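Presented below is the structure to which this report refers.
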Amino acid sequence: MSNHSFAGQIEFEITGVNAREAVGEMTVTDEMRNPFGTVHAGALVWFADVIATNLVLGEAQPEDEMDSFPVAVTLNAQLLANRQEGVLTARACWLRRGRRVSTVRTQVTDAGGAILLDLTSTHVTAR
């Protein structure tokens with residue numbers, strides 16, 4: 001049995017959050033590519049999940065020792081396409097907005113608007 005070591009890094013920016021949607025942008029870098037040269041699926045899911053969580057948070061920002069935080073309890077991800085380079089956009093919109101349980105649909109697209117990832121996530125506000 002051989003040992004393998006893996007490392008990576010993802011950086012992205014939340015570019016807008018309002019009552020209807022949250023949006024973010026991520027530039028593809030070498031650190032987030034898989035051995036085939038495309039964006040690792042986990043990087044796409046992480047990007048989408050954080051944007052969805054920010055929609056549920058609203059204008060509040062995550063802080064240490066918050067009273068509550070919207071924890072994702074289900075993630076259903078469909079990887080439809082991938083890219084080796086460029087700027088990707090994640091846009092999260094409500095499917096159901098509740099006081100304790102909310103469901104969000106987040107799509108990650110490339111610069112041309114092609115959908116790379118379609119993620120549905122359910123968030124429960126943990127206390």
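Chain labels run A, B, ... following the order of the structure tokens; each chain numbers its residues from 1, and ligands are numbered from 1 in the order shown.
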
Quiz item: Contacts of A:Val23 at 8 Å or less, counting only C-alpha atoms, minus same-chain residues fewer than 6 places along, as number ranges by chain?
Solution: A: 14-17, 51, 89-92

So that I have them on file, write out the residues from the current selection with all heavy atoms, as a compact mmCIF listing (two decimals), in the first residue's frame.
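The new file result.txt reads:
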# COMPACT_ATOMS: atom_id res chain seq x y z
N ILE A 14 -17.49 36.71 -2.35
CA ILE A 14 -18.94 36.91 -2.36
C ILE A 14 -19.17 38.31 -2.90
O ILE A 14 -18.72 39.29 -2.31
CB ILE A 14 -19.53 36.73 -0.95
CG1 ILE A 14 -19.27 35.30 -0.48
CG2 ILE A 14 -21.02 37.06 -0.94
CD1 ILE A 14 -19.46 35.08 0.97
N THR A 15 -19.83 38.39 -4.05
CA THR A 15 -19.98 39.68 -4.72
C THR A 15 -21.31 40.36 -4.45
O THR A 15 -21.47 41.54 -4.76
CB THR A 15 -19.75 39.53 -6.24
OG1 THR A 15 -20.68 38.57 -6.74
CG2 THR A 15 -18.33 39.08 -6.54
N GLY A 16 -22.26 39.64 -3.88
CA GLY A 16 -23.53 40.27 -3.56
C GLY A 16 -24.47 39.34 -2.82
O GLY A 16 -24.52 38.15 -3.10
N VAL A 17 -25.19 39.90 -1.86
CA VAL A 17 -26.22 39.16 -1.13
C VAL A 17 -27.38 40.12 -0.93
O VAL A 17 -27.20 41.24 -0.46
CB VAL A 17 -25.72 38.68 0.26
CG1 VAL A 17 -26.83 37.97 1.01
CG2 VAL A 17 -24.50 37.78 0.12
N ILE A 51 -21.79 29.96 -0.90
CA ILE A 51 -22.67 30.99 -1.46
C ILE A 51 -24.11 30.75 -0.98
O ILE A 51 -24.81 31.69 -0.57
CB ILE A 51 -22.59 31.04 -3.00
CG1 ILE A 51 -21.14 31.34 -3.45
CG2 ILE A 51 -23.56 32.07 -3.57
CD1 ILE A 51 -20.53 32.61 -2.90
N THR A 89 -19.00 31.70 -11.72
CA THR A 89 -19.96 32.43 -10.91
C THR A 89 -20.92 31.46 -10.26
O THR A 89 -21.40 30.53 -10.91
CB THR A 89 -20.77 33.42 -11.79
OG1 THR A 89 -19.87 34.33 -12.41
CG2 THR A 89 -21.79 34.19 -10.96
N ALA A 90 -21.19 31.66 -8.97
CA ALA A 90 -22.20 30.88 -8.25
C ALA A 90 -23.34 31.83 -7.91
O ALA A 90 -23.12 32.92 -7.39
CB ALA A 90 -21.62 30.26 -6.98
N ARG A 91 -24.56 31.39 -8.20
CA ARG A 91 -25.76 32.18 -7.90
C ARG A 91 -26.73 31.29 -7.13
O ARG A 91 -27.17 30.27 -7.64
CB ARG A 91 -26.39 32.69 -9.18
CG ARG A 91 -27.60 33.60 -8.98
CD ARG A 91 -28.09 34.19 -10.29
NE ARG A 91 -27.04 34.77 -11.11
CZ ARG A 91 -26.54 35.99 -10.97
NH1 ARG A 91 -27.01 36.78 -10.02
NH2 ARG A 91 -25.59 36.43 -11.76
N ALA A 92 -27.05 31.70 -5.89
CA ALA A 92 -27.94 30.94 -5.02
C ALA A 92 -29.29 31.65 -4.93
O ALA A 92 -29.34 32.87 -4.73
CB ALA A 92 -27.33 30.81 -3.62

Self-check item: chain A: residues DSSP assigns to strand (DSSP E or B), reported as number ranges by chain
Solution: A: 13-17, 21-27, 33, 39, 69-79, 87-96, 101-109, 115-126

Self-check item: Of the listed residues A:Thr38, A:Asn54, A:Thr103, A:Ser121, that which approaches A:Asn76 most closely, counting only C-alpha atoms
Solution: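 Selected residue with least distance to A:Asn76: A:Ser121.
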
Practice problem: Would you mind telling me which residue in A:Leu88, A:Glu59, A:Leu75, A:Arg83 lies nearest to A:Gly24 when using only C-alpha atoms? | Solution: A:Leu88

Practice problem: Would you work out the distance separating atom CA of A:Gln9 from atom CA of A:Leu117, expressed in Å to one decimal? | Solution: 19.0 Å

Quiz item: Between A:Asn18, A:Ser2, A:Thr122, A:Gln107, which is the closest to A:Gly58 once you count only C-alpha atoms?
Solution: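 Checking each of A:Asn18, A:Ser2, A:Thr122, A:Gln107 against A:Gly58, counting only C-alpha atoms, the winner is A:Asn18.
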
Excluding A:Ala114 and its own-chain neighbours fewer than 3 positions away, which residues fall within 10 Å of it when counting only C-alpha atoms? Please give them as a short mmCIF file (atom, residue, chain, number, x, y, z; two decimals) with N, CA and C atoms, in the first residue's frame.
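Writing done, so here's around.cif:
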data_model
loop_
_atom_site.label_atom_id
_atom_site.label_comp_id
_atom_site.auth_asym_id
_atom_site.auth_seq_id
_atom_site.Cartn_x
_atom_site.Cartn_y
_atom_site.Cartn_z
N LEU A 80 -22.40 18.89 -14.11
CA LEU A 80 -22.87 18.81 -15.49
C LEU A 80 -21.78 19.08 -16.52
N ALA A 81 -20.77 19.84 -16.13
CA ALA A 81 -19.65 20.17 -17.02
C ALA A 81 -18.51 20.64 -16.15
N ASN A 82 -17.37 20.95 -16.77
CA ASN A 82 -16.23 21.42 -16.00
C ASN A 82 -15.37 22.31 -16.89
N LEU A 88 -15.54 31.62 -12.62
CA LEU A 88 -16.81 30.94 -12.43
C LEU A 88 -17.69 31.78 -11.51
N GLN A 107 -26.42 27.47 -8.66
CA GLN A 107 -25.81 27.04 -9.92
C GLN A 107 -24.47 27.73 -10.09
N VAL A 108 -23.47 26.94 -10.47
CA VAL A 108 -22.16 27.47 -10.80
C VAL A 108 -22.04 27.46 -12.31
N THR A 109 -21.72 28.61 -12.88
CA THR A 109 -21.63 28.75 -14.33
C THR A 109 -20.27 29.28 -14.73
N ASP A 110 -19.93 29.08 -16.01
CA ASP A 110 -18.70 29.66 -16.54
C ASP A 110 -19.02 31.04 -17.11
N ALA A 111 -18.00 31.69 -17.68
CA ALA A 111 -18.17 33.05 -18.19
C ALA A 111 -19.20 33.12 -19.32
N LEU A 117 -22.32 23.20 -12.34
CA LEU A 117 -22.80 22.50 -11.15
C LEU A 117 -24.17 23.04 -10.78
#

Quiz item: So which bits of chain A end up helix (DSSP H, G or I) when you DSSP the backbone, as an MDAnalysis selection string?
Solution: chainID A and resid 30:32 41:57

Could you write those residues out with N, CA, C and O atoms, as a short mmCIF file (atom, residue, chain, number, x, y, z; two decimals), in the first residue's frame?
data_model
loop_
_atom_site.label_atom_id
_atom_site.label_comp_id
_atom_site.auth_asym_id
_atom_site.auth_seq_id
_atom_site.Cartn_x
_atom_site.Cartn_y
_atom_site.Cartn_z
N ASP A 30 -4.40 26.70 -10.50
CA ASP A 30 -3.76 25.38 -10.49
C ASP A 30 -4.07 24.60 -9.22
O ASP A 30 -4.22 23.38 -9.26
N GLU A 31 -4.17 25.30 -8.08
CA GLU A 31 -4.36 24.65 -6.79
C GLU A 31 -5.70 23.94 -6.65
O GLU A 31 -5.88 23.12 -5.76
N MET A 32 -6.68 24.26 -7.50
CA MET A 32 -8.01 23.64 -7.37
C MET A 32 -8.30 22.65 -8.48
O MET A 32 -9.38 22.07 -8.52
N ALA A 41 -14.27 18.52 -8.26
CA ALA A 41 -15.69 18.59 -7.92
C ALA A 41 -15.91 19.13 -6.52
O ALA A 41 -16.85 19.89 -6.27
N GLY A 42 -15.04 18.77 -5.59
CA GLY A 42 -15.17 19.25 -4.22
C GLY A 42 -15.02 20.76 -4.12
O GLY A 42 -15.67 21.41 -3.30
N ALA A 43 -14.18 21.33 -4.96
CA ALA A 43 -14.02 22.79 -4.98
C ALA A 43 -15.29 23.46 -5.47
O ALA A 43 -15.72 24.49 -4.94
N LEU A 44 -15.92 22.88 -6.48
CA LEU A 44 -17.17 23.44 -7.00
C LEU A 44 -18.28 23.34 -5.94
O LEU A 44 -19.04 24.30 -5.74
N VAL A 45 -18.36 22.20 -5.25
CA VAL A 45 -19.38 22.02 -4.22
C VAL A 45 -19.13 22.97 -3.06
O VAL A 45 -20.07 23.59 -2.54
N TRP A 46 -17.89 23.11 -2.63
CA TRP A 46 -17.57 24.02 -1.53
C TRP A 46 -17.98 25.45 -1.89
O TRP A 46 -18.63 26.14 -1.11
N PHE A 47 -17.60 25.88 -3.08
CA PHE A 47 -17.95 27.22 -3.58
C PHE A 47 -19.46 27.42 -3.52
O PHE A 47 -19.96 28.39 -2.93
N ALA A 48 -20.21 26.48 -4.09
CA ALA A 48 -21.68 26.60 -4.12
C ALA A 48 -22.27 26.58 -2.72
O ALA A 48 -23.18 27.37 -2.41
N ASP A 49 -21.76 25.72 -1.85
CA ASP A 49 -22.29 25.61 -0.48
C ASP A 49 -22.09 26.91 0.30
O ASP A 49 -22.99 27.36 1.01
N VAL A 50 -20.94 27.52 0.18
CA VAL A 50 -20.68 28.77 0.91
C VAL A 50 -21.58 29.89 0.39
O VAL A 50 -22.12 30.68 1.18
N ILE A 51 -21.79 29.96 -0.90
CA ILE A 51 -22.67 30.99 -1.46
C ILE A 51 -24.11 30.75 -0.98
O ILE A 51 -24.81 31.69 -0.57
N ALA A 52 -24.56 29.50 -0.98
CA ALA A 52 -25.90 29.17 -0.48
C ALA A 52 -26.04 29.54 0.99
O ALA A 52 -27.05 30.12 1.41
N THR A 53 -25.04 29.23 1.79
CA THR A 53 -25.08 29.56 3.22
C THR A 53 -25.18 31.07 3.42
O THR A 53 -25.88 31.53 4.32
N ASN A 54 -24.50 31.83 2.58
CA ASN A 54 -24.58 33.29 2.70
C ASN A 54 -25.95 33.82 2.35
O ASN A 54 -26.40 34.81 2.91
N LEU A 55 -26.67 33.15 1.44
CA LEU A 55 -28.05 33.55 1.16
C LEU A 55 -28.89 33.35 2.41
O LEU A 55 -29.67 34.22 2.81
N VAL A 56 -28.73 32.19 3.07
CA VAL A 56 -29.51 31.89 4.27
C VAL A 56 -29.14 32.86 5.40
O VAL A 56 -30.01 33.32 6.14
N LEU A 57 -27.87 33.19 5.52
CA LEU A 57 -27.43 34.15 6.54
C LEU A 57 -27.98 35.54 6.28
O LEU A 57 -28.18 36.32 7.21
#
